[in-house]
>>> print(open('model_11.cif').read())   # mmCIF, C-alpha atoms
data_input
#
loop_
_atom_site.group_PDB
_atom_site.id
_atom_site.type_symbol
_atom_site.label_atom_id
_atom_site.label_comp_id
_atom_site.auth_asym_id
_atom_site.auth_seq_id
_atom_site.Cartn_x
_atom_site.Cartn_y
_atom_site.Cartn_z
ATOM 1 C CA MET H 382 67.291 23.450 -42.944
ATOM 2 C CA SER H 383 64.530 25.805 -43.853
ATOM 3 C CA ARG H 384 62.114 27.296 -41.366
ATOM 4 C CA ARG H 385 59.283 25.282 -42.904
ATOM 5 C CA GLU H 386 61.138 22.021 -42.352
ATOM 6 C CA ILE H 387 61.805 22.950 -38.724
ATOM 7 C CA VAL H 388 58.099 23.651 -38.143
ATOM 8 C CA GLU H 389 57.081 20.405 -39.856
ATOM 9 C CA ARG H 390 59.495 18.362 -37.730
ATOM 10 C CA ALA H 391 58.258 20.089 -34.583
ATOM 11 C CA LEU H 392 54.651 19.297 -35.499
ATOM 12 C CA VAL H 393 55.560 15.660 -36.128
ATOM 13 C CA GLY H 394 57.231 15.506 -32.728
ATOM 14 C CA VAL H 395 54.193 17.034 -30.987
ATOM 15 C CA ALA H 396 51.856 14.628 -32.799
ATOM 16 C CA ALA H 397 54.025 11.702 -31.710
ATOM 17 C CA LEU H 398 53.886 12.859 -28.077
ATOM 18 C CA VAL H 399 50.115 13.290 -28.278
ATOM 19 C CA CYS H 400 49.734 9.776 -29.677
ATOM 20 C CA LEU H 401 51.978 8.435 -26.925
ATOM 21 C CA PHE H 402 49.928 10.109 -24.198
ATOM 22 C CA LEU H 403 46.677 8.912 -25.776
ATOM 23 C CA ALA H 404 47.974 5.358 -25.931
ATOM 24 C CA LEU H 405 49.072 5.556 -22.315
ATOM 25 C CA GLY H 406 45.702 6.998 -21.294
ATOM 26 C CA LEU H 407 43.806 4.271 -23.132
ATOM 27 C CA ALA H 408 45.965 1.605 -21.526
ATOM 28 C CA LEU H 409 45.309 3.030 -18.066
ATOM 29 C CA LEU H 410 41.600 3.310 -18.840
ATOM 30 C CA ALA H 411 41.513 -0.329 -19.943
ATOM 31 C CA ARG H 412 43.211 -1.242 -16.675
ATOM 32 C CA ASP H 413 40.597 0.728 -14.710
ATOM 33 C CA VAL H 414 37.722 -0.909 -16.603
ATOM 34 C CA ALA H 415 39.076 -4.390 -15.886
ATOM 35 C CA ALA H 416 39.680 -3.526 -12.221
ATOM 36 C CA SER H 417 36.187 -2.052 -11.821
ATOM 37 C CA ARG H 418 34.569 -5.118 -13.383
ATOM 38 C CA THR H 419 36.577 -7.393 -11.097
ATOM 39 C CA ALA H 420 35.688 -5.285 -8.055
ATOM 40 C CA ILE H 421 31.970 -5.801 -8.738
ATOM 41 C CA ALA H 422 32.352 -9.581 -9.049
ATOM 42 C CA ASN H 423 34.570 -9.828 -5.967
ATOM 43 C CA GLY H 424 32.247 -7.515 -4.038
ATOM 44 C CA ASP H 425 29.262 -9.748 -4.779
ATOM 45 C CA VAL H 426 31.129 -12.759 -3.393
ATOM 46 C CA ALA H 427 32.332 -10.872 -0.304
ATOM 47 C CA TYR H 428 28.830 -9.543 0.349
ATOM 48 C CA LYS H 429 27.369 -13.047 0.421
ATOM 49 C CA ILE H 430 30.005 -14.073 2.955
ATOM 50 C CA SER H 431 29.822 -10.977 5.152
ATOM 51 C CA PRO H 432 27.482 -8.068 4.307
ATOM 52 C CA ALA H 433 29.155 -5.935 6.979
ATOM 53 C CA THR H 434 32.426 -5.899 5.036
ATOM 54 C CA THR H 435 33.343 -2.337 4.072
ATOM 55 C CA GLY H 436 34.707 -1.165 0.750
ATOM 56 C CA LEU H 437 32.654 -3.584 -1.331
ATOM 57 C CA TRP H 438 32.468 -3.029 -5.111
ATOM 58 C CA ARG H 439 35.204 -0.398 -4.936
ATOM 59 C CA THR H 440 38.628 -0.240 -6.502
ATOM 60 C CA SER H 441 41.285 2.394 -6.928
ATOM 61 C CA THR H 442 41.413 3.904 -10.405
ATOM 62 C CA VAL H 443 44.066 5.888 -12.202
ATOM 63 C CA VAL H 444 41.994 7.792 -14.756
ATOM 64 C CA PRO H 445 39.979 10.561 -13.054
ATOM 65 C CA PHE H 446 36.264 11.367 -13.215
ATOM 66 C CA ASP H 447 35.220 7.681 -12.874
ATOM 67 C CA LEU H 448 35.532 7.237 -16.637
ATOM 68 C CA ALA H 449 35.825 3.460 -16.236
ATOM 69 C CA VAL H 450 32.528 3.275 -14.352
ATOM 70 C CA ILE H 451 30.866 5.515 -16.938
ATOM 71 C CA LEU H 452 32.095 3.292 -19.776
ATOM 72 C CA LEU H 453 30.872 0.165 -17.988
ATOM 73 C CA GLY H 454 27.545 1.786 -17.161
ATOM 74 C CA THR H 455 27.620 0.231 -13.685
ATOM 75 C CA GLU H 456 27.178 3.319 -11.509
ATOM 76 C CA ASP H 457 23.484 2.656 -10.839
ATOM 77 C CA ASP H 458 24.167 -1.065 -10.371
ATOM 78 C CA VAL H 459 26.712 -0.344 -7.662
ATOM 79 C CA LYS H 460 24.426 2.215 -5.998
ATOM 80 C CA LEU H 461 21.654 -0.392 -5.827
ATOM 81 C CA ARG H 462 24.047 -2.982 -4.386
ATOM 82 C CA ARG H 463 25.128 -0.544 -1.675
ATOM 83 C CA ALA H 464 21.517 0.331 -0.910
ATOM 84 C CA VAL H 465 20.610 -3.358 -0.568
ATOM 85 C CA ARG H 466 23.592 -3.779 1.753
ATOM 86 C CA SER H 467 22.378 -0.849 3.853
ATOM 87 C CA VAL H 468 18.944 -2.467 4.153
ATOM 88 C CA ALA H 469 20.566 -5.732 5.222
ATOM 89 C CA LEU H 470 22.519 -3.915 7.935
ATOM 90 C CA ALA H 471 19.531 -1.868 9.141
ATOM 91 C CA ARG H 472 18.312 -4.665 11.473
ATOM 92 C CA LEU H 473 14.777 -4.494 10.102
ATOM 93 C CA GLY H 474 13.951 -8.031 11.222
ATOM 94 C CA ASP H 475 15.621 -7.755 14.623
ATOM 95 C CA PRO H 476 12.929 -7.646 17.337
ATOM 96 C CA THR H 477 15.456 -6.239 19.805
ATOM 97 C CA ALA H 478 16.274 -3.259 17.578
ATOM 98 C CA SER H 479 14.527 0.012 18.342
ATOM 99 C CA VAL H 480 14.393 3.162 16.256
ATOM 100 C CA SER H 481 15.045 5.034 19.494
ATOM 101 C CA ASP H 482 18.546 3.535 19.347
ATOM 102 C CA PRO H 483 20.656 6.179 17.536
ATOM 103 C CA GLN H 484 22.743 3.517 15.801
ATOM 104 C CA VAL H 485 19.669 1.701 14.492
ATOM 105 C CA ALA H 486 18.084 4.987 13.400
ATOM 106 C CA LEU H 487 21.299 5.942 11.606
ATOM 107 C CA LEU H 488 21.421 2.626 9.734
ATOM 108 C CA GLN H 489 17.787 2.795 8.687
ATOM 109 C CA ASN H 490 18.045 6.445 7.630
ATOM 110 C CA ASP H 491 21.121 5.610 5.559
ATOM 111 C CA ALA H 492 19.274 2.791 3.813
ATOM 112 C CA GLN H 493 16.241 4.960 3.155
ATOM 113 C CA GLY H 494 18.355 7.819 1.800
ATOM 114 C CA ARG H 495 20.170 5.533 -0.630
ATOM 115 C CA LEU H 496 16.910 4.000 -1.853
ATOM 116 C CA ASP H 497 15.247 7.410 -2.242
ATOM 117 C CA GLU H 498 18.126 8.519 -4.457
ATOM 118 C CA ILE H 499 17.787 5.466 -6.698
ATOM 119 C CA VAL H 500 14.022 5.892 -7.061
ATOM 120 C CA ALA H 501 14.561 9.528 -8.026
ATOM 121 C CA ASP H 502 17.615 9.257 -10.271
ATOM 122 C CA ALA H 503 18.137 5.726 -11.631
ATOM 123 C CA LYS H 504 17.652 5.338 -15.368
ATOM 124 C CA ASP H 505 16.433 1.749 -15.195
ATOM 125 C CA HIS H 506 12.797 1.212 -14.168
ATOM 126 C CA GLU H 507 13.543 -2.219 -12.720
ATOM 127 C CA GLN H 508 16.160 -0.718 -10.415
ATOM 128 C CA GLN H 509 13.785 2.057 -9.422
ATOM 129 C CA SER H 510 11.081 -0.527 -8.748
ATOM 130 C CA ARG H 511 13.363 -2.658 -6.590
ATOM 131 C CA ALA H 512 14.433 0.388 -4.592
ATOM 132 C CA ALA H 513 10.802 1.477 -4.110
ATOM 133 C CA GLY H 514 9.921 -2.054 -3.039
ATOM 134 C CA LEU H 515 12.670 -2.017 -0.429
ATOM 135 C CA LEU H 516 11.400 1.341 0.821
ATOM 136 C CA GLY H 517 8.081 -0.416 1.291
ATOM 137 C CA VAL H 518 9.834 -3.145 3.285
ATOM 138 C CA ILE H 519 11.319 -0.482 5.563
ATOM 139 C CA GLY H 520 7.865 1.011 6.034
ATOM 140 C CA LEU H 521 6.382 -2.370 6.947
ATOM 141 C CA ALA H 522 9.216 -3.007 9.391
ATOM 142 C CA ARG H 523 8.660 0.366 11.059
ATOM 143 C CA LEU H 524 5.067 -0.598 11.773
ATOM 144 C CA VAL H 525 6.356 -3.218 14.192
ATOM 145 C CA SER H 526 8.308 -0.748 16.315
ATOM 146 C CA GLU H 527 6.379 2.506 15.951
ATOM 147 C CA THR H 528 3.042 3.176 17.626
ATOM 148 C CA GLN H 529 2.369 6.759 16.531
ATOM 149 C CA ASP H 530 0.911 7.867 13.189
ATOM 150 C CA ARG H 531 0.689 4.295 11.983
ATOM 151 C CA VAL H 532 -2.179 5.014 9.597
ATOM 152 C CA ALA H 533 -0.136 7.728 7.849
ATOM 153 C CA LEU H 534 2.941 5.496 7.797
ATOM 154 C CA LEU H 535 0.985 2.639 6.297
ATOM 155 C CA GLY H 536 -0.571 4.933 3.700
ATOM 156 C CA ALA H 537 2.879 6.099 2.625
ATOM 157 C CA THR H 538 4.091 2.491 2.510
ATOM 158 C CA VAL H 539 1.162 1.443 0.310
ATOM 159 C CA ALA H 540 1.845 4.365 -2.059
ATOM 160 C CA THR H 541 5.529 3.409 -2.303
ATOM 161 C CA LEU H 542 4.707 -0.220 -3.078
ATOM 162 C CA GLN H 543 2.154 0.859 -5.670
ATOM 163 C CA LEU H 544 4.914 2.917 -7.303
ATOM 164 C CA ALA H 545 7.189 -0.119 -7.296
ATOM 165 C CA VAL H 546 4.562 -2.203 -9.087
ATOM 166 C CA ALA H 547 3.830 0.588 -11.568
ATOM 167 C CA LEU H 548 7.528 0.912 -12.420
ATOM 168 C CA ASP H 549 7.930 -2.828 -12.925
ATOM 169 C CA PRO H 550 4.768 -4.952 -13.139
ATOM 170 C CA THR H 551 6.928 -8.099 -12.907
ATOM 171 C CA ASN H 552 8.178 -7.181 -9.407
ATOM 172 C CA ASP H 553 6.470 -10.030 -7.536
ATOM 173 C CA ASP H 554 7.976 -9.094 -4.156
ATOM 174 C CA ALA H 555 6.458 -5.621 -4.403
ATOM 175 C CA LYS H 556 3.090 -7.114 -5.397
ATOM 176 C CA TYR H 557 3.168 -9.489 -2.436
ATOM 177 C CA ASN H 558 4.120 -6.758 0.012
ATOM 178 C CA LEU H 559 1.502 -4.405 -1.448
ATOM 179 C CA GLU H 560 -1.226 -6.972 -0.816
ATOM 180 C CA TYR H 561 0.158 -7.549 2.668
ATOM 181 C CA ALA H 562 0.197 -3.791 3.354
ATOM 182 C CA LEU H 563 -3.381 -3.430 2.148
ATOM 183 C CA GLN H 564 -4.466 -6.283 4.426
ATOM 184 C CA ARG H 565 -2.633 -4.688 7.324
ATOM 185 C CA SER H 566 -4.273 -1.359 6.532
ATOM 186 C CA ARG H 567 -7.707 -2.914 6.808
ATOM 187 C CA GLY H 568 -6.655 -4.623 10.039
ATOM 188 C CA ILE H 569 -5.430 -1.379 11.589
ATOM 189 C CA GLN H 570 -8.566 0.482 10.575
ATOM 190 C CA LEU H 571 -10.764 -2.236 12.077
ATOM 191 C CA THR H 572 -8.725 -2.357 15.292
ATOM 192 C CA GLU H 573 -8.517 1.380 15.823
ATOM 193 C CA GLY H 574 -12.171 1.762 14.859
ATOM 194 C CA ALA H 575 -13.010 -0.715 17.631
ATOM 195 C CA GLY H 576 -11.343 1.547 20.193
ATOM 196 C CA GLY H 577 -7.825 0.126 20.297
ATOM 197 C CA GLN H 578 -5.082 2.570 21.180
ATOM 198 C CA ASN H 579 -2.227 2.159 18.734
ATOM 199 C CA PRO H 580 -1.925 -1.633 19.057
ATOM 200 C CA SER H 581 1.341 -3.145 17.961
ATOM 201 C CA PRO H 582 0.967 -5.016 14.643
ATOM 202 C CA GLY H 583 0.863 -8.731 15.306
ATOM 203 C CA GLY H 584 0.920 -8.148 19.043
ATOM 204 C CA SER H 585 -1.743 -7.993 21.715
ATOM 205 C CA GLY H 586 -4.717 -5.961 20.621
ATOM 206 C CA SER H 587 -3.939 -6.380 16.923
ATOM 207 C CA THR H 588 -6.648 -8.289 15.122
ATOM 208 C CA GLY H 589 -8.109 -8.629 11.696
ATOM 209 C CA ALA H 590 -6.519 -9.027 8.289
ATOM 210 C CA GLY H 591 -2.798 -8.417 8.106
ATOM 211 C CA ALA H 592 -2.092 -9.110 11.764
ATOM 212 C CA GLY H 593 0.461 -11.790 10.918
ATOM 213 C CA ASP H 594 3.984 -11.485 9.574
ATOM 214 C CA ALA H 595 4.848 -10.836 5.971
ATOM 215 C CA GLY H 596 6.016 -13.805 4.004
ATOM 216 C CA SER H 597 8.907 -14.372 1.647
ATOM 217 C CA GLY H 598 8.300 -11.161 -0.235
ATOM 218 C CA TYR H 599 9.222 -9.272 2.920
#
>>> encode(input="model_11.cif", output="C-alpha coordinates")
Amino acid sequence: MSRREIVERALVGVAALVCLFLALGLALLARDVAASRTAIANGDVAYKISPATTGLWRTSTVVPFDLAVILLGTEDDVKLRRAVRSVALARLGDPTASVSDPQVALLQNDAQGRLDEIVADAKDHEQQSRAAGLLGVIGLARLVSETQDRVALLGATVATLQLAVALDPTNDDAKYNLEYALQRSRGIQLTEGAGGQNPSPGGSGSTGAGAGDAGSGY
(Lines of atoms letter the chains of each structure in order from A and count residues from 1; the text may use other names and numbers.)
(Lines give C-alpha, C1' and ligand atoms only; values in the text may rest on other atoms or scores of the structure.)
Protein backbone atom coordinates (compact mmCIF):
# COMPACT_ATOMS: atom_id res chain seq x y z
CA MET A 1 0.00 0.00 0.00
CA SER A 2 1.41 3.30 -1.06
CA ARG A 3 1.83 6.26 1.25
CA ARG A 4 -0.85 8.14 -0.69
CA GLU A 5 -3.38 5.37 -0.13
CA ILE A 6 -2.60 5.33 3.60
CA VAL A 7 -3.18 9.10 3.83
CA GLU A 8 -6.42 8.86 1.84
CA ARG A 9 -7.76 6.08 4.09
CA ALA A 10 -6.80 8.06 7.18
CA LEU A 11 -8.62 11.13 5.85
CA VAL A 12 -11.71 9.03 5.12
CA GLY A 13 -11.61 7.67 8.66
CA VAL A 14 -11.30 11.17 10.16
CA ALA A 15 -14.16 12.44 7.99
CA ALA A 16 -16.31 9.52 9.13
CA LEU A 17 -15.58 10.32 12.79
CA VAL A 18 -16.37 14.00 12.22
CA CYS A 19 -19.69 13.09 10.60
CA LEU A 20 -20.47 10.76 13.48
CA PHE A 21 -19.78 13.46 16.07
CA LEU A 22 -21.82 16.00 14.10
CA ALA A 23 -24.74 13.60 13.89
CA LEU A 24 -24.52 12.92 17.60
CA GLY A 25 -24.33 16.64 18.35
CA LEU A 26 -27.35 17.39 16.17
CA ALA A 27 -29.31 14.61 17.84
CA LEU A 28 -28.48 15.97 21.29
CA LEU A 29 -29.34 19.49 20.15
CA ALA A 30 -32.70 18.29 18.85
CA ARG A 31 -33.30 16.65 22.21
CA ASP A 32 -32.45 19.91 24.01
CA VAL A 33 -34.75 21.93 21.74
CA ALA A 34 -37.66 19.57 22.39
CA ALA A 35 -36.97 19.58 26.15
CA SER A 36 -36.74 23.38 26.26
CA ARG A 37 -40.02 23.78 24.37
CA THR A 38 -41.71 21.32 26.72
CA ALA A 39 -40.28 23.09 29.77
CA ILE A 40 -41.90 26.37 28.68
CA ALA A 41 -45.31 24.74 28.20
CA ASN A 42 -45.10 22.82 31.47
CA GLY A 43 -43.83 25.92 33.28
CA ASP A 44 -46.83 27.94 32.11
CA VAL A 45 -49.19 25.30 33.51
CA ALA A 46 -47.29 25.03 36.81
CA TYR A 47 -47.22 28.82 37.17
CA LYS A 48 -51.00 29.05 36.89
CA ILE A 49 -51.34 26.43 39.63
CA SER A 50 -48.67 27.79 41.96
CA PRO A 51 -46.61 30.88 41.04
CA ALA A 52 -44.29 30.22 43.99
CA THR A 53 -43.04 27.00 42.40
CA THR A 54 -39.30 27.23 41.74
CA GLY A 55 -37.47 26.06 38.65
CA LEU A 56 -40.23 27.04 36.23
CA TRP A 57 -39.44 27.10 32.49
CA ARG A 58 -36.09 25.40 33.09
CA THR A 59 -34.71 22.10 31.90
CA SER A 60 -31.33 20.43 31.90
CA THR A 61 -29.57 20.53 28.54
CA VAL A 62 -26.69 18.54 27.15
CA VAL A 63 -25.34 20.91 24.50
CA PRO A 64 -23.52 23.85 26.14
CA PHE A 65 -23.94 27.60 25.64
CA ASP A 66 -27.78 27.40 25.66
CA LEU A 67 -27.77 26.66 21.94
CA ALA A 68 -31.28 25.18 22.15
CA VAL A 69 -32.67 28.37 23.67
CA ILE A 70 -30.87 30.47 21.06
CA LEU A 71 -32.33 28.36 18.24
CA LEU A 72 -35.82 28.62 19.72
CA GLY A 73 -35.43 32.35 20.28
CA THR A 74 -37.18 32.05 23.66
CA GLU A 75 -34.60 33.65 25.95
CA ASP A 76 -36.47 36.96 26.19
CA ASP A 77 -39.80 35.14 26.52
CA VAL A 78 -38.53 33.19 29.51
CA LYS A 79 -37.00 36.32 31.07
CA LEU A 80 -40.36 38.08 30.81
CA ARG A 81 -42.16 35.10 32.34
CA ARG A 82 -39.75 35.09 35.28
CA ALA A 83 -40.15 38.84 35.72
CA VAL A 84 -43.95 38.51 35.76
CA ARG A 85 -43.59 35.75 38.35
CA SER A 86 -41.40 38.02 40.47
CA VAL A 87 -44.06 40.75 40.32
CA ALA A 88 -46.71 38.23 41.37
CA LEU A 89 -44.60 37.21 44.37
CA ALA A 90 -43.74 40.78 45.37
CA ARG A 91 -46.97 41.20 47.41
CA LEU A 92 -47.82 44.47 45.69
CA GLY A 93 -51.52 44.18 46.52
CA ASP A 94 -51.02 42.97 50.08
CA PRO A 95 -52.02 45.75 52.50
CA THR A 96 -50.09 44.03 55.30
CA ALA A 97 -46.82 44.06 53.34
CA SER A 98 -44.37 46.84 54.10
CA VAL A 99 -41.26 47.84 52.19
CA SER A 100 -39.57 48.09 55.58
CA ASP A 101 -39.84 44.29 55.71
CA PRO A 102 -36.51 43.03 54.28
CA GLN A 103 -38.20 40.06 52.62
CA VAL A 104 -40.79 42.25 50.90
CA ALA A 105 -38.10 44.73 49.84
CA LEU A 106 -36.02 41.88 48.44
CA LEU A 107 -38.94 40.53 46.41
CA GLN A 108 -39.86 43.92 45.00
CA ASN A 109 -36.24 44.79 44.18
CA ASP A 110 -35.86 41.46 42.40
CA ALA A 111 -38.96 42.13 40.32
CA GLN A 112 -37.83 45.65 39.47
CA GLY A 113 -34.34 44.49 38.50
CA ARG A 114 -35.70 41.84 36.15
CA LEU A 115 -38.09 44.31 34.51
CA ASP A 116 -35.38 46.96 34.15
CA GLU A 117 -33.21 44.44 32.31
CA ILE A 118 -36.01 43.58 29.87
CA VAL A 119 -36.78 47.23 29.15
CA ALA A 120 -33.10 47.84 28.45
CA ASP A 121 -32.18 44.70 26.52
CA ALA A 122 -35.22 42.94 25.03
CA LYS A 123 -35.42 42.97 21.24
CA ASP A 124 -39.21 42.96 21.09
CA HIS A 125 -40.97 46.29 21.70
CA GLU A 126 -44.10 44.57 23.02
CA GLN A 127 -42.04 42.78 25.67
CA GLN A 128 -40.27 46.01 26.56
CA SER A 129 -43.64 47.76 26.81
CA ARG A 130 -45.10 45.08 29.07
CA ALA A 131 -42.06 45.23 31.33
CA ALA A 132 -42.24 49.05 31.50
CA GLY A 133 -45.94 48.80 32.27
CA LEU A 134 -45.25 46.44 35.15
CA LEU A 135 -42.60 48.83 36.45
CA GLY A 136 -45.36 51.42 36.48
CA VAL A 137 -47.55 49.03 38.48
CA ILE A 138 -44.76 48.69 41.05
CA GLY A 139 -44.50 52.46 41.24
CA LEU A 140 -48.24 52.82 41.81
CA ALA A 141 -48.15 50.14 44.49
CA ARG A 142 -45.29 51.90 46.28
CA LEU A 143 -47.41 55.03 46.56
CA VAL A 144 -49.68 53.14 48.95
CA SER A 145 -46.91 52.29 51.40
CA GLU A 146 -44.43 55.14 51.02
CA THR A 147 -45.01 58.63 52.38
CA GLN A 148 -41.75 60.36 51.42
CA ASP A 149 -40.89 61.83 48.02
CA ARG A 150 -44.22 60.77 46.59
CA VAL A 151 -44.26 63.52 43.97
CA ALA A 152 -40.89 62.34 42.60
CA LEU A 153 -42.01 58.71 42.74
CA LEU A 154 -45.20 59.50 40.89
CA GLY A 155 -43.31 61.51 38.27
CA ALA A 156 -41.01 58.56 37.63
CA THR A 157 -44.01 56.22 37.44
CA VAL A 158 -45.75 58.46 34.89
CA ALA A 159 -42.57 58.59 32.77
CA THR A 160 -42.27 54.79 32.86
CA LEU A 161 -45.88 54.31 31.80
CA GLN A 162 -45.46 56.86 29.02
CA LEU A 163 -42.49 54.81 27.80
CA ALA A 164 -44.63 51.67 27.87
CA VAL A 165 -47.28 53.32 25.71
CA ALA A 166 -44.67 54.73 23.32
CA LEU A 167 -43.10 51.29 22.88
CA ASP A 168 -46.45 49.64 22.21
CA PRO A 169 -49.46 51.90 21.55
CA THR A 170 -51.75 48.86 21.83
CA ASN A 171 -50.79 48.26 25.48
CA ASP A 172 -54.18 49.08 27.00
CA ASP A 173 -53.11 48.24 30.57
CA ALA A 174 -50.30 50.78 30.36
CA LYS A 175 -52.71 53.39 28.94
CA TYR A 176 -55.18 52.77 31.76
CA ASN A 177 -52.51 52.96 34.44
CA LEU A 178 -51.00 56.08 32.85
CA GLU A 179 -54.36 57.86 33.05
CA TYR A 180 -54.76 56.64 36.62
CA ALA A 181 -51.26 57.89 37.52
CA LEU A 182 -51.96 61.29 35.97
CA GLN A 183 -55.20 61.55 37.96
CA ARG A 184 -53.36 60.58 41.12
CA SER A 185 -50.68 63.15 40.35
CA ARG A 186 -53.27 65.90 40.18
CA GLY A 187 -54.83 64.60 43.40
CA ILE A 188 -51.51 64.64 45.25
CA GLN A 189 -50.67 68.12 44.03
CA LEU A 190 -54.07 69.42 45.14
CA THR A 191 -53.81 67.71 48.54
CA GLU A 192 -50.26 68.78 49.29
CA GLY A 193 -50.99 72.27 47.98
CA ALA A 194 -53.84 72.47 50.51
CA GLY A 195 -51.39 71.85 53.35
CA GLY A 196 -51.61 68.07 53.74
CA GLN A 197 -48.50 66.36 55.03
CA ASN A 198 -47.76 63.35 52.88
CA PRO A 199 -51.27 61.85 53.02
CA SER A 200 -51.55 58.19 52.18
CA PRO A 201 -53.15 57.66 48.74
CA GLY A 202 -56.74 56.60 49.18
CA GLY A 203 -56.50 57.03 52.93
CA SER A 204 -57.44 59.80 55.32
CA GLY A 205 -56.38 63.18 54.04
CA SER A 206 -56.21 62.01 50.42
CA THR A 207 -58.72 63.80 48.25
CA GLY A 208 -59.21 64.79 44.68
CA ALA A 209 -58.78 62.89 41.43
CA GLY A 210 -57.00 59.57 41.67
CA ALA A 211 -57.74 58.97 45.34
CA GLY A 212 -59.37 55.62 44.61
CA ASP A 213 -57.84 52.30 43.66
CA ALA A 214 -56.64 51.41 40.20
CA GLY A 215 -58.89 49.18 38.20
CA SER A 216 -58.29 46.09 36.13
CA GLY A 217 -55.29 47.56 34.38
CA TYR A 218 -53.49 47.57 37.71
>>> closest_residue(input="model_11.cif", among="H:Val500, H:Leu398, H:Val539, H:Ile421", to="Val450 (chain H)", atoms="only C-alpha atoms")
H:Ile421
>>> resolve_selection(input="model_11.cif", expression="the PyMOL selection byres ((chain H and resi 530-535) around 8)", output="PyMOL selection string")
chain H and resi 520-521+524+527-529+536-539+562+566+569-570+579
>>> write_last_selection(input="model_11.cif", atoms="C-alpha atoms", output="mmCIF file, in the coordinates of the input")
data_model
loop_
_atom_site.group_PDB
_atom_site.id
_atom_site.type_symbol
_atom_site.label_atom_id
_atom_site.label_comp_id
_atom_site.auth_asym_id
_atom_site.auth_seq_id
_atom_site.Cartn_x
_atom_site.Cartn_y
_atom_site.Cartn_z
ATOM 1 C CA GLY H 520 7.865 1.011 6.034
ATOM 2 C CA LEU H 521 6.382 -2.370 6.947
ATOM 3 C CA LEU H 524 5.067 -0.598 11.773
ATOM 4 C CA GLU H 527 6.379 2.506 15.951
ATOM 5 C CA THR H 528 3.042 3.176 17.626
ATOM 6 C CA GLN H 529 2.369 6.759 16.531
ATOM 7 C CA GLY H 536 -0.571 4.933 3.700
ATOM 8 C CA ALA H 537 2.879 6.099 2.625
ATOM 9 C CA THR H 538 4.091 2.491 2.510
ATOM 10 C CA VAL H 539 1.162 1.443 0.310
ATOM 11 C CA ALA H 562 0.197 -3.791 3.354
ATOM 12 C CA SER H 566 -4.273 -1.359 6.532
ATOM 13 C CA ILE H 569 -5.430 -1.379 11.589
ATOM 14 C CA GLN H 570 -8.566 0.482 10.575
ATOM 15 C CA ASN H 579 -2.227 2.159 18.734
#
>>> residues_near_point(input="model_11.cif", point="(49.0, 2.8, -8.5)", cutoff="12 Å", atoms="all atoms listed in the file", output="MDAnalysis selection string")
chainID H and resid 409 412:413 416 440:444
>>> atom_distance(input="model_11.cif", atom1="CA of Ala464 (chain H)", atom2="CA of Ile451 (chain H)")
19.3 Å
>>> atom_distance(input="model_11.cif", atom1="CA of Pro432 (chain H)", atom2="CA of Asp475 (chain H)")
15.7 Å
>>> atom_distance(input="model_11.cif", atom1="CA of Ala522 (chain H)", atom2="CA of Lys460 (chain H)")
22.3 Å
>>> residues_around(input="model_11.cif", residues="Ala513 (chain H)", least_positions_apart="5", cutoff="8 Å", atoms="all atoms listed in the file", output="list in words")
Leu496, Asp497, Val500, Thr541, Leu542, Leu544 and Ala545 of chain H
>>> closest_residue(input="model_11.cif", among="H:Val468, H:Val546, H:Ala449, H:Val426", to="Gly406 (chain H)", atoms="only C-alpha atoms")
H:Ala449
>>> residues_near_point(input="model_11.cif", point="(17.9, 0.4, 8.5)", cutoff="8 Å", atoms="all atoms listed in the file", output="list in words")
Ser467, Val468, Ala469, Leu470, Ala471, Arg472, Leu473, Val485, Ala486, Leu487, Leu488, Gln489, Asn490, Asp491, Ala492, Gln493 and Ile519 of chain H
